[in-house]
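A.B. asks: After the C-alpha cells below, expect a handful of questions from me.
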Amino acid sequence: MKVSLICPIYNEKDSVENLINSMLNQSKKADEIIFVDSFSKDGTADLIKSYSKMGVRLIQEKSNISKARNIAIKNSKNEIIACTDASSRLDVDWLKNITSPFEDKGVDVVSGGFIAVSEGRVEEYLAMLTVKPLEEWNEKTFLPSGRSIAFRKGAWKVVGGYPENLYTGEDTFFDLNLKKKGFKFKLAKDAIVYWRGRDTVKKFIKQFYLYGKGDGEAGNVWKMPRYLFSFLGVNLGLLIFLGSLLIYPLVSGLLFIFTLLFLVTQGVNFAVKRKKVGALFYVPILLFLKRAAYFVGVWRRI
C-alpha cells in the first residue's frame with residue numbers, strides 16, 4: 001500500500017534533522033513526505049528544502065497545527081495518511097507497524113505508540129506524568145495523538161478534517177468525530193514515536209493548561225466519561241470545600257486531607273511501579289500542578 005507521511009512544523013531547526021533522518025531510514029519507506037511550515041523564522045524551511053532531492057516536500061502557508069495537517073493531506077497523493085509531529089523521532093519500524101493493520105479493509109484508523117524521552121531528573125518525572133507506559137494503554141479507550149496516528153483519507157474527509165478553529169485539543173476532537181462516525185480503530189503499540197516532553201515545570205504547567213483550554217473550547221471534556229467525571233468531581237469538591245470553609249471547617253479539613261492522601265498514594269504507586277524513589281516527592285506536587293492547570297484551562301473556555 002502507498003502511504004503519505006505528513007508533519008506540521010514551525011521553528012524546529014534544532015530537532016527537524018533528526019526527525020527527517022528517522023523518516024528516511026524507515027524499514028518501510030513512505031511514498032511521499034510532506035512538511036507544512038507556517039513560515040518559520042529560524043531556518044527550519046531551508047533545512048527541510050535541503051532534503052528535497054530525497055523526496056521530502058515542503059509547503060509553506062500561514063497555519064495552525066490543524067490547518068497545516070489539512071493542507072498536507074489535501075496535497076497528498078495516497079489514501080493512507082501517516083501523521084507525526086515536530087520534536088519527534090520515529091522508531092525504524094514505525095511506518096511499517098502503524099500501516100500494517102490497514103491490510104484489514106475494515107480498519108480505518110491506527111493509533112501508534114509514543115514514549116516521552118527526557119534528560120535530567122525533573123524532566124524525567126514530567127515525562128512520567130505526561131505519557132502512560134504503553135502496557136497501560138487500552139485499545140477501547142485510548143485516543144491517538146497527532147504525533148503517532150495513521151488513517152484513511154476517506155475517513156478524514158467524512159469528518160471534515162482537523163478543526164482549524166482550535167489551537168489545542170484538535171487531535172482529540174478529530175478522534176472523537178471519527179469514533180462518532182463509527183470508524184474502526186486499531187492500536188499498534190509497536191509503532192513507536194520518541195517524543196521530547198517539556199523540560200521545565202513552567203512549560204509543563206502551560207502544556208496542560210493549554211490542553212484543558214483546548215478541550216474546554218472544543219467540548220471534548222463533555223464527550224469523554226473519564227474526563228467528565230473527573231471535572232465534575234473536582235468542581236463538586238471545590239464547592240463543598242469553599243462552602244464549608246467558614247461554616248463547617250472540619251469538612252474542609254477532611255477534604256484537604258483526602259486530597260493530600262490521594263496525591264501521596266499516587267506518589268507511592270509511581271515509586272513502586274517505576275522503581276523511582278524520587279516519585280514519592282515529585283509525583284504528588286507535579287500531579288497537583290498538572291490537574292490544577294488542566295482544569296483552570298477548561299474553566300477558562302467552557
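Every chain in the C-alpha cells takes a letter, A first, then B, and so on in the order presented; its residues are numbered from 1, and the ligands are numbered from 1 following the presented order.
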Using only C-alpha atoms, which residues sit within 9 Å of segment 102-119 of chain A once same-chain residues fewer than 2 positions away are excluded, as a ChimeraX atom specification?

C.D. replies: /A:1,80,94,97-100,121-128,130-134,139,142-145,147-152,154-155,178,183-199

A.B. asks: Pull N, CA and C atoms from the residues just selected and write them as a compact mmCIF listing (two decimals), in the first residue's frame.

C.D. replies:
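To be explicit, this is the file written out as selection-v4.txt:
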# COMPACT_ATOMS: atom_id res chain seq x y z
N MET A 1 0.85 -1.19 0.00
CA MET A 1 0.00 0.00 0.00
C MET A 1 0.88 1.25 0.00
N ILE A 80 -3.68 6.27 2.28
CA ILE A 80 -3.26 6.07 3.67
C ILE A 80 -2.38 7.25 4.08
N TRP A 94 8.42 2.22 12.69
CA TRP A 94 7.17 2.92 12.99
C TRP A 94 6.19 2.87 11.82
N ASN A 97 4.78 -0.62 11.13
CA ASN A 97 3.87 -1.12 12.16
C ASN A 97 2.56 -0.34 12.25
N ILE A 98 2.62 0.97 11.90
CA ILE A 98 1.39 1.76 12.01
C ILE A 98 0.50 1.60 10.77
N THR A 99 1.06 1.09 9.68
CA THR A 99 0.26 0.91 8.46
C THR A 99 -0.14 -0.54 8.20
N SER A 100 0.54 -1.50 8.78
CA SER A 100 0.21 -2.91 8.51
C SER A 100 -1.23 -3.28 8.89
N ARG A 121 16.64 14.78 36.04
CA ARG A 121 15.71 14.19 36.98
C ARG A 121 14.31 14.78 36.90
N VAL A 122 14.20 16.11 36.99
CA VAL A 122 12.86 16.73 36.98
C VAL A 122 12.16 16.43 35.66
N GLU A 123 12.87 16.54 34.57
CA GLU A 123 12.28 16.28 33.26
C GLU A 123 11.79 14.83 33.16
N GLU A 124 12.49 13.92 33.82
CA GLU A 124 12.08 12.51 33.82
C GLU A 124 10.71 12.35 34.46
N TYR A 125 10.48 13.06 35.55
CA TYR A 125 9.18 12.96 36.22
C TYR A 125 8.09 13.71 35.46
N LEU A 126 8.46 14.79 34.78
CA LEU A 126 7.49 15.48 33.93
C LEU A 126 7.03 14.55 32.81
N ALA A 127 7.97 13.82 32.21
CA ALA A 127 7.63 12.87 31.15
C ALA A 127 6.76 11.75 31.70
N MET A 128 7.09 11.30 32.90
CA MET A 128 6.36 10.21 33.54
C MET A 128 4.88 10.55 33.73
N THR A 130 3.26 12.79 31.91
CA THR A 130 2.68 13.23 30.65
C THR A 130 2.15 12.06 29.82
N VAL A 131 2.89 10.96 29.82
CA VAL A 131 2.54 9.80 29.00
C VAL A 131 2.55 8.53 29.83
N LYS A 132 1.46 7.78 29.78
CA LYS A 132 1.39 6.49 30.47
C LYS A 132 2.29 5.47 29.79
N PRO A 133 2.79 4.48 30.54
CA PRO A 133 3.55 3.39 29.91
C PRO A 133 2.67 2.66 28.90
N LEU A 134 3.26 2.19 27.82
CA LEU A 134 2.50 1.53 26.75
C LEU A 134 1.67 0.36 27.26
N GLU A 139 -6.96 -0.38 24.18
CA GLU A 139 -7.40 -0.13 22.80
C GLU A 139 -8.81 0.45 22.72
N PHE A 142 -8.31 4.30 24.37
CA PHE A 142 -7.19 5.18 24.00
C PHE A 142 -7.53 6.01 22.76
N LEU A 143 -7.20 7.29 22.84
CA LEU A 143 -7.37 8.19 21.69
C LEU A 143 -6.00 8.58 21.17
N PRO A 144 -5.74 8.38 19.88
CA PRO A 144 -4.40 8.64 19.34
C PRO A 144 -4.02 10.11 19.35
N SER A 145 -2.72 10.32 19.46
CA SER A 145 -2.17 11.67 19.37
C SER A 145 -1.77 11.95 17.94
N ARG A 147 0.88 12.96 17.00
CA ARG A 147 2.28 12.63 16.77
C ARG A 147 2.49 11.18 16.36
N SER A 148 1.43 10.36 16.45
CA SER A 148 1.57 8.94 16.08
C SER A 148 0.21 8.37 15.71
N ILE A 149 -0.21 8.65 14.48
CA ILE A 149 -1.52 8.20 14.02
C ILE A 149 -1.47 7.98 12.51
N ALA A 150 -2.29 7.04 12.04
CA ALA A 150 -2.47 6.83 10.59
C ALA A 150 -3.95 6.60 10.35
N PHE A 151 -4.44 7.02 9.18
CA PHE A 151 -5.87 6.88 8.89
C PHE A 151 -6.08 6.91 7.38
N ARG A 152 -7.25 6.47 6.99
CA ARG A 152 -7.63 6.54 5.58
C ARG A 152 -8.11 7.96 5.26
N GLY A 154 -10.26 8.85 3.25
CA GLY A 154 -11.71 8.89 3.16
C GLY A 154 -12.36 9.18 4.50
N ALA A 155 -11.81 8.63 5.59
CA ALA A 155 -12.34 8.89 6.93
C ALA A 155 -12.13 10.35 7.31
N LEU A 178 -14.21 10.87 14.55
CA LEU A 178 -14.04 9.60 13.84
C LEU A 178 -14.79 8.48 14.55
N PHE A 183 -16.03 4.80 12.66
CA PHE A 183 -14.82 4.27 12.05
C PHE A 183 -14.09 3.36 13.03
N LYS A 184 -13.49 2.30 12.49
CA LYS A 184 -12.85 1.29 13.33
C LYS A 184 -11.40 1.68 13.63
N PHE A 185 -11.06 1.67 14.94
CA PHE A 185 -9.72 2.00 15.40
C PHE A 185 -8.94 0.73 15.73
N LYS A 186 -7.64 0.79 15.54
CA LYS A 186 -6.75 -0.30 15.92
C LYS A 186 -5.55 0.32 16.64
N LEU A 187 -5.12 -0.29 17.74
CA LEU A 187 -3.98 0.20 18.50
C LEU A 187 -2.73 -0.59 18.13
N ALA A 188 -1.70 0.12 17.69
CA ALA A 188 -0.42 -0.52 17.34
C ALA A 188 0.65 0.02 18.30
N LYS A 189 0.80 -0.66 19.44
CA LYS A 189 1.75 -0.21 20.45
C LYS A 189 3.20 -0.29 19.98
N ASP A 190 3.44 -1.12 18.97
CA ASP A 190 4.82 -1.28 18.49
C ASP A 190 5.20 -0.25 17.44
N ALA A 191 4.30 0.67 17.12
CA ALA A 191 4.61 1.77 16.20
C ALA A 191 5.01 2.97 17.05
N ILE A 192 6.29 3.04 17.39
CA ILE A 192 6.76 3.96 18.42
C ILE A 192 7.33 5.26 17.86
N VAL A 193 6.88 6.35 18.46
CA VAL A 193 7.47 7.66 18.23
C VAL A 193 8.12 8.11 19.54
N TYR A 194 9.37 8.53 19.47
CA TYR A 194 10.06 9.06 20.64
C TYR A 194 9.89 10.58 20.62
N TRP A 195 9.32 11.09 21.68
CA TRP A 195 8.88 12.48 21.71
C TRP A 195 9.49 13.19 22.91
N ARG A 196 10.09 14.33 22.68
CA ARG A 196 10.69 15.09 23.77
C ARG A 196 9.62 15.87 24.50
N GLY A 197 9.43 15.55 25.77
CA GLY A 197 8.44 16.25 26.57
C GLY A 197 8.93 17.61 27.03
N ARG A 198 8.19 18.25 27.91
CA ARG A 198 8.58 19.56 28.43
C ARG A 198 9.77 19.40 29.38
N ASP A 199 10.65 20.39 29.36
CA ASP A 199 11.87 20.27 30.16
C ASP A 199 11.89 21.15 31.40

A.B. asks: Within 10 Å of segment 52-56 of chain A, counting only C-alpha atoms, which residues qualify if same-chain residues fewer than 2 places away don't, as a VMD selection string?

C.D. replies: chain A and resid 5 to 6 20 23 to 24 30 to 35 47 to 50 58

A.B. asks: Which is closer to Lys96 of chain A than all the others in A:Val272, A:Ala68, A:Val159, A:Val3, using only C-alpha atoms?

C.D. replies: A:Val3

A.B. asks: Skipping near chain neighbours, those fewer than 6 positions away, what residues fall within 7 Å of segment 165-175 of chain A using only C-alpha atoms, listed as a list in words?

C.D. replies: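 Final neighbour list, sorted by chain and number: Asn64, Ser66, Leu143, Ser145, Gly146, Leu210, Tyr211, Gly214, Asp215, Ala218 and Asn220 of chain A.
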
A.B. asks: Any chance you could export the current selection's C-alpha atoms as an mmCIF file, in the first residue's frame?

C.D. replies:
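Produced file again.cif, reproduced below:
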data_model
loop_
_atom_site.group_PDB
_atom_site.id
_atom_site.type_symbol
_atom_site.label_atom_id
_atom_site.label_comp_id
_atom_site.auth_asym_id
_atom_site.auth_seq_id
_atom_site.Cartn_x
_atom_site.Cartn_y
_atom_site.Cartn_z
ATOM 1 C CA ASN A 64 -2.001 26.470 12.947
ATOM 2 C CA SER A 66 -4.807 21.671 12.349
ATOM 3 C CA LEU A 143 -7.372 8.191 21.695
ATOM 4 C CA SER A 145 -2.167 11.670 19.372
ATOM 5 C CA GLY A 146 -1.342 13.623 16.239
ATOM 6 C CA LEU A 210 -3.488 24.647 27.013
ATOM 7 C CA TYR A 211 -4.743 21.037 26.844
ATOM 8 C CA GLY A 214 -8.484 23.254 24.047
ATOM 9 C CA ASP A 215 -10.707 20.515 25.484
ATOM 10 C CA ALA A 218 -13.871 22.004 21.695
ATOM 11 C CA ASN A 220 -14.104 17.369 24.390
#
